[in-house]
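Reading through the structure tokens given below for one structure.
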Amino acid sequence: MMISIEAKTEGLIAAVFTPFDPRGRLALCRIAEYASFLIDNRLQGVFVAGTTGESLSLRSEERKELADAWIRSAKGRLRVIVHVGHNCLDEAQELAEHAQNIGADAVSAMPPCFFRPQNLEDLVGWCAAIAQASPKVPFYYYHIPSMTGVQIAVPEFIRQAKETIPNFAGVKFTHEDLAEYQRAVETDKRLDILFGRDELLLSGLQAGAYGAVGSTYNFAAPLYQALIQAYRQSDLIRAQQLQQEACRMIDLCREAGGHILAAFKALMAWVGVDCGPARPPLRNLSIQQKERLIHTLAQTLPENRWSRPNQKTTMLAE
């Protein structure tokens with residue numbers, strides 16, 4: 001089922017946050033509004049239960065409920081890619097089968113991060129076993145060595161995977177090695193190599209990216225859409241300025257005092273979509289830290305960089 005270049009993902013895919021209530025329980029009732037918010041801000045799709053979605057902090061049953069809620073809420077208006085990676089192969093296969101059965105557009109899986117594949121053949125075999133559980137939908141390998149510790153040559157993975165996995169569609173490439181990303185793109189141009197580092201989006205476009213998956217696209221989509229437009233118009237000075245703004249925004253979130261995902265969730269509340277706290281062991285920001293972060297960002301970036309609706313007075317309680 002190798003996809004053609006005409007079917008490639010183009011534009012921004014939001015790596016969506018998992019909404020929790022103040023006690024840390026799933027808040028699925030917020031997803032319909034969340035989906036409409038992304039559609040209004042011209043996102044092309046969602047990557048559900050990935051790193052941003054705190055997938056490995058969720059029970060498998062919660063992940064199924066989350067995927068189901070997103071597919072119901074997207075209603076064909078957003079492309080839904082469901083991450084099904086798990087440290088237990090049986091669980092990953094069950095999640096993949098479930099995603100296919102409820103109508104996901106694609107599934108993706110990162111490798112296990114405790115007992116890791118020892119070589120490329122082991123990794124391809126692991127991915128093949130997951131992909132076989134959802135043979136009717138495209139499968140994306142999720143390459144994120146900073147979290148999994150699995151360091152492989154992605155171009156070589158592609159060469160082996162496309163011979164072994166009938167529904168192999170491409171890679172979600174979340175890594176800083178731009179030379180390797182470009183080699184991955186060029187290995188087989190029929191495949192969809194999604195770029196996964198928001199702070200390097202311009203470099204990803206220059207290396208051949210069509211589509212990108214990222215956390216900050218949730219709340220700052222206009223910033224990145226302007227960057228893409230500037231790049232397509234060959235205005236590299238403008239594109240570089242916008243990329244620098246994105247990097248500054250991400251740096252401020254990283255420095256806010258809690259985990260960066262908790263800072264991102266605070267910004268989601270600020271722009272009008274309350275996704276609640278992050279789950280332990282991630283450290284949430286205090287009310288004062290949230291207020292300081294939002295005040296600084298409001299002074300740093302123009303108002304038209306943020307996704308709408310922009311309810312700046314919305315704050316999350318501890």
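To be explicit about the labels: the chains of the structure tokens are called A, B, and onward in the order shown, and within each one the residues are counted from 1, while ligands get numbers from 1 in the order they are shown.
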Which residues come within 12 Å of Asn119 in chain A, counting only C-alpha atoms, excluding same-chain residues fewer than 5 positions away, as an MDAnalysis selection string? chainID A and resid 111 124:126 150:153 156:157
Write to file, as a short mmCIF file (atom, residue, chain, number, x, y, z; two decimals), in the first residue's frame, the residues of the selection just made, with N, CA, C and O atoms.
data_model
loop_
_atom_site.label_atom_id
_atom_site.label_comp_id
_atom_site.auth_asym_id
_atom_site.auth_seq_id
_atom_site.Cartn_x
_atom_site.Cartn_y
_atom_site.Cartn_z
N PRO A 111 9.27 2.65 18.61
CA PRO A 111 9.76 1.37 19.11
C PRO A 111 9.66 1.30 20.62
O PRO A 111 9.51 2.32 21.30
N VAL A 124 12.50 -3.62 12.33
CA VAL A 124 11.58 -3.81 11.21
C VAL A 124 10.59 -4.93 11.53
O VAL A 124 9.39 -4.81 11.25
N GLY A 125 11.08 -5.99 12.15
CA GLY A 125 10.19 -7.08 12.53
C GLY A 125 9.12 -6.65 13.52
O GLY A 125 7.95 -7.05 13.43
N TRP A 126 9.53 -5.85 14.49
CA TRP A 126 8.58 -5.31 15.48
C TRP A 126 7.51 -4.47 14.80
O TRP A 126 6.30 -4.65 15.05
N VAL A 150 16.39 4.54 20.66
CA VAL A 150 16.62 3.66 19.52
C VAL A 150 17.23 4.47 18.38
O VAL A 150 16.57 5.30 17.76
N GLN A 151 18.51 4.25 18.14
CA GLN A 151 19.25 4.97 17.11
C GLN A 151 19.43 4.04 15.90
O GLN A 151 20.12 3.03 15.99
N ILE A 152 18.77 4.36 14.81
CA ILE A 152 18.89 3.55 13.59
C ILE A 152 19.07 4.49 12.40
O ILE A 152 18.78 5.68 12.47
N ALA A 153 19.56 3.94 11.32
CA ALA A 153 19.67 4.70 10.07
C ALA A 153 18.31 4.67 9.38
O ALA A 153 17.89 3.62 8.87
N GLU A 156 17.99 3.30 5.77
CA GLU A 156 18.09 1.85 5.68
C GLU A 156 16.82 1.19 6.22
O GLU A 156 16.35 0.17 5.68
N PHE A 157 16.24 1.78 7.28
CA PHE A 157 14.96 1.27 7.77
C PHE A 157 13.93 1.32 6.66
O PHE A 157 13.17 0.36 6.45
#
Within 10 Å of Tyr231 in chain A, counting only C-alpha atoms, which residues show up once you throw out same-chain ones fewer than 4 positions away? Write them as a PyMOL selection string, please. chain A and resi 202+205-206+225-227+235-240
Need to verify the contact set: Ala106 in chain A, 7 Å, only C-alpha atoms, exclusion of same-chain residues closer than 6 positions in sequence. Can you return it as an mmCIF file with all heavy atoms, in the first residue's frame?
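result-v9.cif, written as the output of this step:
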data_model
loop_
_atom_site.group_PDB
_atom_site.id
_atom_site.type_symbol
_atom_site.label_atom_id
_atom_site.label_comp_id
_atom_site.auth_asym_id
_atom_site.auth_seq_id
_atom_site.Cartn_x
_atom_site.Cartn_y
_atom_site.Cartn_z
ATOM 1 N N VAL A 80 -6.781 11.667 10.840
ATOM 2 C CA VAL A 80 -6.479 11.167 12.183
ATOM 3 C C VAL A 80 -5.454 10.043 12.085
ATOM 4 O O VAL A 80 -5.736 8.970 11.547
ATOM 5 C CB VAL A 80 -7.747 10.667 12.895
ATOM 6 C CG1 VAL A 80 -7.392 10.143 14.295
ATOM 7 C CG2 VAL A 80 -8.789 11.776 12.993
ATOM 8 N N ILE A 81 -4.258 10.309 12.611
ATOM 9 C CA ILE A 81 -3.207 9.306 12.720
ATOM 10 C C ILE A 81 -3.129 8.921 14.196
ATOM 11 O O ILE A 81 -2.911 9.775 15.057
ATOM 12 C CB ILE A 81 -1.846 9.839 12.244
ATOM 13 C CG1 ILE A 81 -1.948 10.395 10.817
ATOM 14 C CG2 ILE A 81 -0.778 8.750 12.325
ATOM 15 C CD1 ILE A 81 -0.691 11.106 10.348
ATOM 16 N N VAL A 82 -3.299 7.651 14.490
ATOM 17 C CA VAL A 82 -3.321 7.184 15.884
ATOM 18 C C VAL A 82 -1.998 6.498 16.198
ATOM 19 O O VAL A 82 -1.610 5.539 15.522
ATOM 20 C CB VAL A 82 -4.493 6.220 16.131
ATOM 21 C CG1 VAL A 82 -4.457 5.707 17.574
ATOM 22 C CG2 VAL A 82 -5.823 6.913 15.849
ATOM 23 N N VAL A 137 -4.889 0.073 6.797
ATOM 24 C CA VAL A 137 -4.571 1.498 6.931
ATOM 25 C C VAL A 137 -3.066 1.691 6.840
ATOM 26 O O VAL A 137 -2.292 0.790 7.169
ATOM 27 C CB VAL A 137 -5.104 2.096 8.250
ATOM 28 C CG1 VAL A 137 -6.621 2.029 8.300
ATOM 29 C CG2 VAL A 137 -4.491 1.405 9.449
ATOM 30 N N PRO A 138 -2.610 2.855 6.391
ATOM 31 C CA PRO A 138 -1.172 3.113 6.295
ATOM 32 C C PRO A 138 -0.498 3.062 7.657
ATOM 33 O O PRO A 138 -1.077 3.458 8.675
ATOM 34 C CB PRO A 138 -1.113 4.528 5.702
ATOM 35 C CG PRO A 138 -2.424 4.729 5.030
ATOM 36 C CD PRO A 138 -3.415 3.968 5.840
ATOM 37 N N PHE A 139 0.751 2.590 7.644
ATOM 38 C CA PHE A 139 1.558 2.504 8.860
ATOM 39 C C PHE A 139 2.769 3.431 8.731
ATOM 40 O O PHE A 139 3.485 3.405 7.728
ATOM 41 C CB PHE A 139 2.056 1.078 9.094
ATOM 42 C CG PHE A 139 3.015 0.959 10.256
ATOM 43 C CD1 PHE A 139 2.538 0.822 11.544
ATOM 44 C CD2 PHE A 139 4.393 1.017 10.055
ATOM 45 C CE1 PHE A 139 3.422 0.735 12.623
ATOM 46 C CE2 PHE A 139 5.282 0.928 11.126
ATOM 47 C CZ PHE A 139 4.791 0.786 12.412
#
Identify, on the basis of only C-alpha atoms, every residue whose closest approach to His98 in chain A does not exceed 12 Å; exclude the query and any residue fewer than 4 positions from it along the same chain; express the result as a count of residues only. 27
Range 168-178 of chain A surroundings by only C-alpha atoms, 8 Å radius, close-in-sequence under 6 positions cut, as a list of chain:residue names: A:Met1, A:Met2, A:Ile3, A:Ser108, A:Ala131, A:Pro138, A:Phe139, A:Tyr140, A:Tyr141, A:Tyr142, A:His143, A:Ile144, A:Pro145, A:Ser146, A:Ile158, A:Ala161, A:Lys162, A:Leu191, A:Asp192, A:Ile193, A:Leu194, A:Phe195, A:Gly196, A:Arg197, A:Leu200, A:Ser203, A:Gly204, A:Ala207, A:Val213
With N, CA, C and O atoms retained, export the selected residues as a compact mmCIF listing (two decimals), in the first residue's frame.
# COMPACT_ATOMS: atom_id res chain seq x y z
N MET A 1 0.83 -1.20 0.00
CA MET A 1 0.00 0.00 0.00
C MET A 1 0.86 1.25 0.00
O MET A 1 0.53 2.25 0.61
N MET A 2 2.01 1.22 -0.66
CA MET A 2 2.85 2.41 -0.65
C MET A 2 2.11 3.55 -1.34
O MET A 2 1.57 3.39 -2.42
N ILE A 3 2.06 4.70 -0.67
CA ILE A 3 1.28 5.80 -1.17
C ILE A 3 2.04 6.56 -2.24
O ILE A 3 3.26 6.57 -2.27
N SER A 108 0.58 4.74 13.67
CA SER A 108 2.02 4.98 13.79
C SER A 108 2.51 4.33 15.07
O SER A 108 1.74 4.18 16.03
N ALA A 131 2.03 -3.50 12.22
CA ALA A 131 1.34 -3.12 10.99
C ALA A 131 0.41 -4.22 10.50
O ALA A 131 -0.64 -3.95 9.91
N PRO A 138 -2.61 2.86 6.39
CA PRO A 138 -1.17 3.11 6.29
C PRO A 138 -0.50 3.06 7.66
O PRO A 138 -1.08 3.46 8.67
N PHE A 139 0.75 2.59 7.64
CA PHE A 139 1.56 2.50 8.86
C PHE A 139 2.77 3.43 8.73
O PHE A 139 3.48 3.40 7.73
N TYR A 140 3.00 4.24 9.79
CA TYR A 140 4.16 5.13 9.86
C TYR A 140 5.06 4.70 11.01
O TYR A 140 4.59 4.54 12.15
N TYR A 141 6.35 4.55 10.74
CA TYR A 141 7.30 4.36 11.82
C TYR A 141 7.54 5.71 12.49
O TYR A 141 7.75 6.73 11.82
N TYR A 142 7.52 5.74 13.81
CA TYR A 142 7.71 6.97 14.59
C TYR A 142 9.14 6.95 15.12
O TYR A 142 9.46 6.26 16.09
N HIS A 143 9.98 7.77 14.50
CA HIS A 143 11.41 7.84 14.85
C HIS A 143 11.62 8.99 15.81
O HIS A 143 11.50 10.17 15.43
N ILE A 144 11.87 8.68 17.08
CA ILE A 144 12.10 9.72 18.09
C ILE A 144 13.15 9.22 19.07
O ILE A 144 12.86 8.88 20.23
N PRO A 145 14.40 9.17 18.64
CA PRO A 145 15.46 8.58 19.47
C PRO A 145 15.70 9.31 20.78
O PRO A 145 16.19 8.70 21.74
N SER A 146 15.34 10.59 20.87
CA SER A 146 15.54 11.31 22.13
C SER A 146 14.69 10.72 23.25
O SER A 146 15.03 10.83 24.43
N ILE A 158 13.87 2.43 5.95
CA ILE A 158 12.89 2.57 4.86
C ILE A 158 13.09 1.49 3.81
O ILE A 158 12.13 0.86 3.35
N ALA A 161 11.87 -1.76 5.37
CA ALA A 161 10.45 -1.77 5.74
C ALA A 161 9.55 -1.86 4.51
O ALA A 161 8.52 -2.55 4.53
N LYS A 162 9.91 -1.17 3.44
CA LYS A 162 9.01 -1.19 2.27
C LYS A 162 9.00 -2.55 1.58
O LYS A 162 8.09 -2.84 0.81
N LEU A 191 7.10 7.84 -0.62
CA LEU A 191 6.74 7.73 0.78
C LEU A 191 6.53 9.10 1.43
O LEU A 191 6.97 10.12 0.91
N ASP A 192 5.86 9.08 2.56
CA ASP A 192 5.48 10.29 3.30
C ASP A 192 6.39 10.41 4.51
O ASP A 192 6.22 9.66 5.49
N ILE A 193 7.35 11.32 4.47
CA ILE A 193 8.31 11.47 5.57
C ILE A 193 7.94 12.75 6.31
O ILE A 193 8.34 13.86 5.94
N LEU A 194 7.16 12.59 7.36
CA LEU A 194 6.64 13.73 8.12
C LEU A 194 7.73 14.29 9.02
O LEU A 194 8.43 13.55 9.70
N PHE A 195 7.84 15.62 9.04
CA PHE A 195 8.89 16.28 9.83
C PHE A 195 8.36 16.60 11.21
O PHE A 195 7.26 17.15 11.35
N GLY A 196 9.14 16.31 12.26
CA GLY A 196 8.62 16.38 13.61
C GLY A 196 9.31 17.30 14.59
O GLY A 196 9.12 17.14 15.80
N ARG A 197 10.10 18.26 14.12
CA ARG A 197 10.75 19.21 15.04
C ARG A 197 10.28 20.62 14.72
O ARG A 197 10.72 21.24 13.75
N LEU A 200 12.69 23.46 14.01
CA LEU A 200 13.51 23.31 12.81
C LEU A 200 12.66 23.21 11.55
O LEU A 200 13.13 22.72 10.53
N SER A 203 14.14 24.43 8.21
CA SER A 203 15.17 23.53 7.71
C SER A 203 14.56 22.25 7.16
O SER A 203 15.05 21.69 6.17
N GLY A 204 13.49 21.77 7.79
CA GLY A 204 12.80 20.60 7.28
C GLY A 204 12.21 20.83 5.91
O GLY A 204 12.30 19.98 5.02
N ALA A 207 14.78 20.71 3.40
CA ALA A 207 15.28 19.34 3.20
C ALA A 207 14.27 18.46 2.47
O ALA A 207 14.55 17.29 2.24
N VAL A 213 4.47 17.41 11.73
CA VAL A 213 3.68 17.10 12.92
C VAL A 213 4.33 17.78 14.11
O VAL A 213 5.54 17.63 14.31
Go through A:Ala263, A:Leu301, A:Met268, A:Ala256 one by one, measure the shortest atom-to-atom distance of each to Phe37 in chain A using only C-alpha atoms, and give the residue with the smallest value.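 Using only C-alpha atoms, Phe37 in chain A sits closest to A:Met268.
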Name the residues of range 91-224 of chain A that come out as strand (DSSP E or B) in a backbone DSSP run; write them as a VMD selection string. chain A and resid 106 to 109 139 to 143 168 to 173 192 to 195 211 to 214
Expected file contents, prior selection, C-alpha atoms, as a PDB file, in the first residue's frame:
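And here's again_9.pdb as it stands now:
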ATOM      1  CA  ALA A 106      -3.397   5.769   9.644  1.00  0.00           C
ATOM      2  CA  VAL A 107      -1.495   4.292  12.574  1.00  0.00           C
ATOM      3  CA  SER A 108       2.017   4.982  13.790  1.00  0.00           C
ATOM      4  CA  ALA A 109       4.305   3.333  16.311  1.00  0.00           C
ATOM      5  CA  PHE A 139       1.558   2.504   8.860  1.00  0.00           C
ATOM      6  CA  TYR A 140       4.158   5.133   9.857  1.00  0.00           C
ATOM      7  CA  TYR A 141       7.297   4.358  11.823  1.00  0.00           C
ATOM      8  CA  TYR A 142       7.714   6.966  14.589  1.00  0.00           C
ATOM      9  CA  HIS A 143      11.406   7.840  14.853  1.00  0.00           C
ATOM     10  CA  PHE A 168       4.227   0.972   5.083  1.00  0.00           C
ATOM     11  CA  ALA A 169       3.500   4.627   4.290  1.00  0.00           C
ATOM     12  CA  GLY A 170       6.461   6.507   5.713  1.00  0.00           C
ATOM     13  CA  VAL A 171       8.092   7.896   8.825  1.00  0.00           C
ATOM     14  CA  LYS A 172       7.302  10.484  11.464  1.00  0.00           C
ATOM     15  CA  PHE A 173      10.836  11.842  11.809  1.00  0.00           C
ATOM     16  CA  ASP A 192       5.476  10.287   3.297  1.00  0.00           C
ATOM     17  CA  ILE A 193       8.309  11.470   5.566  1.00  0.00           C
ATOM     18  CA  LEU A 194       6.635  13.728   8.124  1.00  0.00           C
ATOM     19  CA  PHE A 195       8.891  16.275   9.828  1.00  0.00           C
ATOM     20  CA  GLY A 211       3.970  17.752   5.953  1.00  0.00           C
ATOM     21  CA  ALA A 212       4.938  18.379   9.573  1.00  0.00           C
ATOM     22  CA  VAL A 213       3.675  17.095  12.923  1.00  0.00           C
ATOM     23  CA  GLY A 214       4.189  19.233  16.005  1.00  0.00           C
TER      24      GLY A 214
END
